[in-house]
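Asker: Input: one structure, supplied below.
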Amino acid sequence: MLSEERSGRLAAWGNALLAGLVSPDDAVLAVVGDDAVHRVEGLPGESGPVGLTLAFGRLRSLGVTGFRVALPAPGHPLGLSGPPEFNARALDAEEAVVAFGAPYGLVPEVYEAGPDGDLHVEVVWHCLPVREAPPADVPSLGEAERELAEALREATAVLSRLDVAGSGPVAEAAVDAYRARAERGREALAPGYPPRAVRVLELAQRVGLLISVAYENGHGGAVSASEMAARGEALRPVERTARRAQVAAYNAFVEERER
């Protein structure tokens with residue numbers, strides 16, 4: 001969870017498009033990002049894969065009025081509502097988009113294509129039926145913000161004591177990459193999202209970066225088995241809390257419209 005998920009981009013910009021706040025071209029450009037192309041497969045009424053512009057229009061005609069995000073992990077079906085077939089596919093991808101207003105969900109499958117030295121990324125979104133039910137374990141924005149701040153304080157204290165908060169060239173490169181993305185002025189969320197959702201998402205993504213750095217940077221100063229266990233125990237709940245916060249931020253658009 002080092003930056004924005006593809007499901008987050010699709011849900012956020014799809015919501016802005018459905019609300020009439022952005023054009024189809026702008027929404028598609030934002031969703032595709034640095035990838036080469038995105039297609040949607042399995043849409044009702046379509047015999048094969050279609051582009052995002054047509055897919056958004058088709059979903060709107062099917063009754064979709066908004067999009068939510070799911071970021072499940074083993075033992076934590078965050079944002080999912082079933083059925084098991086959809087949940088299993090979303091768990092394999094570690095992300096999904098769940099439509100609001102019609103029982104459909106989208107799960108991305110990512111491919112690398114092209115010759116060596118000139119690879120590009122293509123994404124196929126598989127459209128599947130979903131159960132119309134409240135998403136699992138998604139907090140409100142206020143709850144997410146409070147939980148994230150508390151979890152971050154606790155984890156920082158433990159990681160600092162074990163000297164594994166993240167240091168060295170790997171950590172520095174990751175932080176530099178994050179700052180470069182922020183300085184390019186990318187929008188954390190699409191137009192129409194409340195400022196609190198933007199704040200929660202940015203904090204969750206920063207926390208996700210720190211977790212990634214800590215995991216990728218070896219064991220740091222945690223040399224004993226007990227210290228390594230303490231390190232893992234400190235990181236796991238923070239990672240879970242950060243994922244919940246990301247989902248709450250992406251889903252805020254639909255939640256506000258429901259209220």
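So you can find residues: chains in the structure tokens are A, B, ... in the order shown, residues in each start at 1, and ligands are numbered from 1 in order.
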Hey, what does DSSP flag as alpha helix (DSSP H) within region 5-213 of chain A? Can you give it to me as a PyMOL selection string?

Answerer: chain A and resi 6-18+24-32+52-61+84-93+141-162+169-183+195-213

Asker: For Gly142 (chain A), list every protein, DNA or RNA residue within 12 Å, evaluated using only C-alpha atoms, and leave out those in the same chain fewer than 6 positions away; present the list as a list in words.

Answerer: Leu148, Ala149, Arg196, Ala197, Arg199, Val200, Arg244, Ala245, Ala248, Ala249 and Ala252 of chain A

Asker: Please identify all polymer residues within 9 Å of Val198 (chain A), counting only C-alpha atoms, omitting same-chain residues fewer than 3 positions from it, and present them as a ChimeraX atom specification.

Answerer: /A:187-189,193-195,201-203,249-250

Asker: Print the selection's residues with N, CA, C and O atoms to a file, as a tab-separated table (two decimals), in the first residue's frame.

Answerer:
chain	number	residue	atom	x	y	z
A	187	GLU	N	-3.55	14.95	-7.48
A	187	GLU	CA	-4.71	15.07	-6.60
A	187	GLU	C	-4.87	13.78	-5.81
A	187	GLU	O	-4.91	12.69	-6.38
A	188	ALA	N	-4.97	13.91	-4.51
A	188	ALA	CA	-5.12	12.73	-3.68
A	188	ALA	C	-6.45	12.05	-3.96
A	188	ALA	O	-6.56	10.83	-3.92
A	189	LEU	N	-7.48	12.85	-4.24
A	189	LEU	CA	-8.79	12.33	-4.58
A	189	LEU	C	-9.39	13.18	-5.69
A	189	LEU	O	-8.91	14.27	-5.98
A	193	TYR	N	-14.85	15.25	-3.36
A	193	TYR	CA	-14.61	14.60	-2.08
A	193	TYR	C	-14.44	15.65	-0.98
A	193	TYR	O	-13.87	16.71	-1.21
A	194	PRO	N	-14.93	15.36	0.23
A	194	PRO	CA	-14.76	16.32	1.34
A	194	PRO	C	-13.29	16.43	1.74
A	194	PRO	O	-12.53	15.47	1.64
A	195	PRO	N	-12.88	17.62	2.22
A	195	PRO	CA	-11.48	17.81	2.64
A	195	PRO	C	-11.01	16.78	3.66
A	195	PRO	O	-9.84	16.39	3.65
A	201	LEU	N	-6.91	10.14	3.63
A	201	LEU	CA	-6.23	9.32	2.64
A	201	LEU	C	-4.74	9.61	2.61
A	201	LEU	O	-3.91	8.70	2.55
A	202	GLU	N	-4.38	10.90	2.64
A	202	GLU	CA	-2.95	11.24	2.61
A	202	GLU	C	-2.22	10.70	3.83
A	202	GLU	O	-1.09	10.19	3.72
A	203	LEU	N	-2.85	10.77	5.01
A	203	LEU	CA	-2.21	10.23	6.21
A	203	LEU	C	-2.09	8.71	6.10
A	203	LEU	O	-1.04	8.14	6.43
A	249	ALA	N	-11.80	6.71	3.25
A	249	ALA	CA	-11.61	7.93	2.47
A	249	ALA	C	-12.19	7.79	1.06
A	249	ALA	O	-12.93	8.66	0.59
A	250	TYR	N	-11.86	6.70	0.38
A	250	TYR	CA	-12.38	6.49	-0.98
A	250	TYR	C	-13.90	6.36	-0.99
A	250	TYR	O	-14.57	6.78	-1.94

Asker: In terms of the shortest atom-to-atom distance over only C-alpha atoms, which of A:Pro191, A:Glu95, A:Cys127, A:Asp35 is closest to Gln246 (chain A)?

Answerer: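 Distance minimum relative to Gln246 (chain A) lands on A:Glu95.
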
Asker: Among region 28-116 of chain A, which ones does DSSP place in strand (DSSP E), written as a PyMOL selection string?

Answerer: chain A and resi 37-41+50-51+66-70+96-100+104-113

Asker: Once you have the residues from the selection above, write them out as a compact mmCIF listing (two decimals), in the first residue's frame, restricted to N, CA and C atoms.

Answerer:
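What landed in selection-v2.txt:
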# COMPACT_ATOMS: atom_id res chain seq x y z
N VAL A 37 -3.12 0.95 -20.85
CA VAL A 37 -4.54 0.89 -21.20
C VAL A 37 -5.29 0.10 -20.14
N HIS A 38 -6.55 0.46 -19.92
CA HIS A 38 -7.45 -0.28 -19.05
C HIS A 38 -8.66 -0.71 -19.87
N ARG A 39 -9.09 -1.95 -19.68
CA ARG A 39 -10.30 -2.45 -20.32
C ARG A 39 -11.17 -3.13 -19.27
N VAL A 40 -12.45 -3.25 -19.59
CA VAL A 40 -13.40 -3.91 -18.68
C VAL A 40 -14.01 -5.10 -19.40
N GLU A 41 -13.97 -6.25 -18.75
CA GLU A 41 -14.45 -7.50 -19.34
C GLU A 41 -15.60 -8.05 -18.51
N VAL A 50 -14.20 -3.89 -23.21
CA VAL A 50 -14.48 -2.55 -23.72
C VAL A 50 -13.61 -1.55 -22.98
N GLY A 51 -13.47 -0.35 -23.53
CA GLY A 51 -12.70 0.69 -22.88
C GLY A 51 -13.43 1.28 -21.68
N GLY A 66 -22.61 5.11 -7.94
CA GLY A 66 -21.39 5.40 -7.20
C GLY A 66 -20.53 4.16 -7.09
N PHE A 67 -19.32 4.38 -6.57
CA PHE A 67 -18.36 3.28 -6.43
C PHE A 67 -17.72 3.31 -5.06
N ARG A 68 -17.55 2.12 -4.48
CA ARG A 68 -16.80 1.96 -3.24
C ARG A 68 -15.55 1.14 -3.52
N VAL A 69 -14.60 1.19 -2.57
CA VAL A 69 -13.34 0.45 -2.69
C VAL A 69 -13.31 -0.66 -1.64
N ALA A 70 -12.71 -1.78 -2.01
CA ALA A 70 -12.42 -2.86 -1.06
C ALA A 70 -10.92 -3.15 -1.13
N ALA A 96 -10.48 -4.20 -4.99
CA ALA A 96 -11.64 -4.31 -5.86
C ALA A 96 -12.45 -3.03 -5.76
N VAL A 97 -13.35 -2.86 -6.73
CA VAL A 97 -14.32 -1.77 -6.70
C VAL A 97 -15.70 -2.40 -6.64
N VAL A 98 -16.54 -1.89 -5.75
CA VAL A 98 -17.91 -2.39 -5.61
C VAL A 98 -18.86 -1.27 -5.96
N ALA A 99 -19.72 -1.52 -6.96
CA ALA A 99 -20.66 -0.49 -7.40
C ALA A 99 -21.76 -0.28 -6.37
N PHE A 100 -22.31 0.92 -6.37
CA PHE A 100 -23.45 1.26 -5.53
C PHE A 100 -24.61 1.59 -6.46
N TYR A 104 -22.89 -4.99 -8.99
CA TYR A 104 -21.71 -5.34 -9.79
C TYR A 104 -20.44 -4.91 -9.06
N GLY A 105 -19.38 -5.67 -9.33
CA GLY A 105 -18.07 -5.31 -8.79
C GLY A 105 -17.01 -5.49 -9.86
N LEU A 106 -15.89 -4.82 -9.68
CA LEU A 106 -14.79 -4.86 -10.64
C LEU A 106 -13.50 -5.24 -9.92
N VAL A 107 -12.81 -6.24 -10.46
CA VAL A 107 -11.54 -6.68 -9.89
C VAL A 107 -10.47 -6.56 -10.96
N PRO A 108 -9.34 -5.88 -10.65
CA PRO A 108 -8.31 -5.69 -11.68
C PRO A 108 -7.38 -6.89 -11.82
N GLU A 109 -6.98 -7.14 -13.06
CA GLU A 109 -5.93 -8.11 -13.36
C GLU A 109 -4.88 -7.37 -14.17
N VAL A 110 -3.65 -7.38 -13.69
CA VAL A 110 -2.58 -6.55 -14.25
C VAL A 110 -1.62 -7.41 -15.07
N TYR A 111 -1.31 -6.94 -16.27
CA TYR A 111 -0.39 -7.65 -17.16
C TYR A 111 0.75 -6.73 -17.55
N GLU A 112 1.92 -7.33 -17.76
CA GLU A 112 3.03 -6.61 -18.39
C GLU A 112 3.15 -7.12 -19.82
N ALA A 113 3.25 -6.20 -20.77
CA ALA A 113 3.32 -6.57 -22.18
C ALA A 113 4.42 -5.78 -22.87

Asker: For region 81-92 of chain A, work out the shell of residues within 8 Å, counting only C-alpha atoms and skipping chain neighbours fewer than 4 positions away, then give it as a PyMOL selection string.

Answerer: chain A and resi 70-74+77+96+105+107+128-136

Asker: Find the spatial neighbours of Gly192 (chain A), counting only C-alpha atoms, within a cut-off of 9 Å - ignore same-chain residues fewer than 3 positions away - and output them as a PDB file with C-alpha atoms, in the first residue's frame.

Answerer:
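Full text of part-v3.pdb as output:
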ATOM      1  CA  ASN A  15     -17.664   8.916  -8.636  1.00  0.00           C
ATOM      2  CA  ALA A  16     -16.676  12.351  -9.916  1.00  0.00           C
ATOM      3  CA  ALA A  19     -21.693  13.233 -10.371  1.00  0.00           C
ATOM      4  CA  LEU A  21     -17.869  16.962 -11.907  1.00  0.00           C
ATOM      5  CA  LEU A 189      -8.795  12.334  -4.576  1.00  0.00           C
ATOM      6  CA  PHE A 253     -18.219  10.196  -1.611  1.00  0.00           C
TER       7      PHE A 253
END
